[in-house]
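A.B. asks: The structure's right below; bear with me while I get my questions together.
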Amino acid sequence: MTKDRASRGETRSSGRFHGRVEGEPHICTTEGCTEPGEFRAPPEQLRRAADGPPQWRWFCLEHIRSFNQQYNFFRGMDAEEIEAAQRPYAGWERETRAFSANAATGTPPPRWADFTDPLDAIGARFRARMEAERPRADGKPLSVEDRKALGTLGLSADADRKSLRTRYTELVRRYHPDHNGGDRGHEHALQDVLAAYAHLRKAPAFA
């Protein structure tokens with residue numbers, strides 16, 4: 001670390017300045033400067049590089065600050081290039097099939113049979129959704145709140161009043177502090193059970 005850097009209170013290990021690149025020995029590219037080049041900047045023709053990695057310019061802290069203050073992304077662009085770079089959808093010119101203008105007349109979407117689901121993730125989720133929306137066999141209505149309360153208690157849509165009471169008793173014994181040596185760690189679950197049971201007791205399906 002040079003004397004000048006030490007006078008500014010900078011240390012290499014502090015990590016204070018975001019953007020410092022450690023482990024790559026470079027000298028500041030500013031003419032006449034011999035400070036370590038720890039900060040990289042894009043080359044003048046970065047946007048026009050045909051291929052290969054960019055040839056970064058390396059600066060010390062003082063000169064990277066000067067570079068950042070003077071940097072102009074649009075420098076060297078003509079009016080059309082500047083307009084293209086400023087478009088909010090720049091880089092999204094290629095249409096995806098789902099939103100393309102010829103989606104209706106293009107290639108058909110893949111068939112369901114073309115998908116593989118070795119872990120049954122899609123099928124299990126579909127069945128769970130169908131079960132959650134399945135009507136009761138006795139035709140009694142179930143509201144969204146009813147179904148949510150049934151889920152809290154772990155009951156199916158066809159549960160009757162007896163099974164509701166049995167499940168409620170089971171869960172209260174499981175979560176109540178008196179049955180857990182005074183442990184109050186399940187209070188939130190117990191409150192959910194009490195609220196769900198109180199709701200379902202008054203629901204038309206359990207009248």
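Note on naming: chains are A, B, ... as they come in the structure tokens, residues start from 1 per chain, ligands start from 1 in the order shown.
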List the neighbours of segment 179-195 of chain A out to 12 Å using only C-alpha atoms; skip same-chain residues closer than 3 positions along the sequence, and give me the result as a list in words.

C.D. replies: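 Answer for this query is Glu145, Asp146, Lys148, Ala149, Leu150, Gly151, Thr152, Leu153, Gly154, Leu155, Leu164, Arg165, Arg167, Tyr168, Thr169, Glu170, Leu171, Val172, Arg173, Arg174, Tyr175, His176, Ala198, His199, Leu200, Arg201 and Lys202 of chain A.
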
A.B. asks: Please list as number ranges by chain every residue within 9 Å of Thr34 of chain A, counting only C-alpha atoms and excluding residues in the same chain fewer than 6 positions away.

C.D. replies: A: 27-28, 60

A.B. asks: Take the residues that were just selected and, keeping N, CA and C atoms, output them as a PDB file, in the first residue's frame.

C.D. replies:
ATOM      1  N   ILE A  27      -1.717  -2.683 -13.428  1.00  0.00           N
ATOM      2  CA  ILE A  27      -1.286  -1.316 -13.154  1.00  0.00           C
ATOM      3  C   ILE A  27      -2.291  -0.380 -13.786  1.00  0.00           C
ATOM      4  N   CYS A  28      -2.587   0.698 -13.112  1.00  0.00           N
ATOM      5  CA  CYS A  28      -3.536   1.678 -13.631  1.00  0.00           C
ATOM      6  C   CYS A  28      -3.133   2.096 -15.045  1.00  0.00           C
ATOM      7  N   CYS A  60      -6.838   2.775 -10.916  1.00  0.00           N
ATOM      8  CA  CYS A  60      -6.752   2.873  -9.460  1.00  0.00           C
ATOM      9  C   CYS A  60      -8.015   3.572  -8.966  1.00  0.00           C
TER      10      CYS A  60
END

A.B. asks: Skipping near chain neighbours, those fewer than 6 positions away, what residues fall within 12 Å of Pro141 of chain A using only C-alpha atoms, listed as number ranges by chain?

C.D. replies: A: 133-135, 147, 157-158, 203-207

A.B. asks: Interatomic distance between atom CA of Ala79 of chain A and atom CA of Arg65 of chain A?

C.D. replies: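 Separating atom CA of Ala79 of chain A from atom CA of Arg65 of chain A is a distance of 28.1 Å.
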
A.B. asks: In Å, rounded to a single decimal, give me how far atom CA of Ser163 of chain A is from atom CA of Arg125 of chain A.

C.D. replies: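 About the pair atom CA of Arg125 of chain A and atom CA of Ser163 of chain A: they are 25.5 Å apart.
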
A.B. asks: Quick one: distance from atom CA of Arg75 of chain A to atom CA of Gln55 of chain A in Å, one decimal?

C.D. replies: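 It comes out at 17.9 Å.
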
A.B. asks: Using only C-alpha atoms, which of A:Pro25, A:Ala137, A:His63, A:Arg57 sits nearest Pro42 of chain A?

C.D. replies: A:Arg57
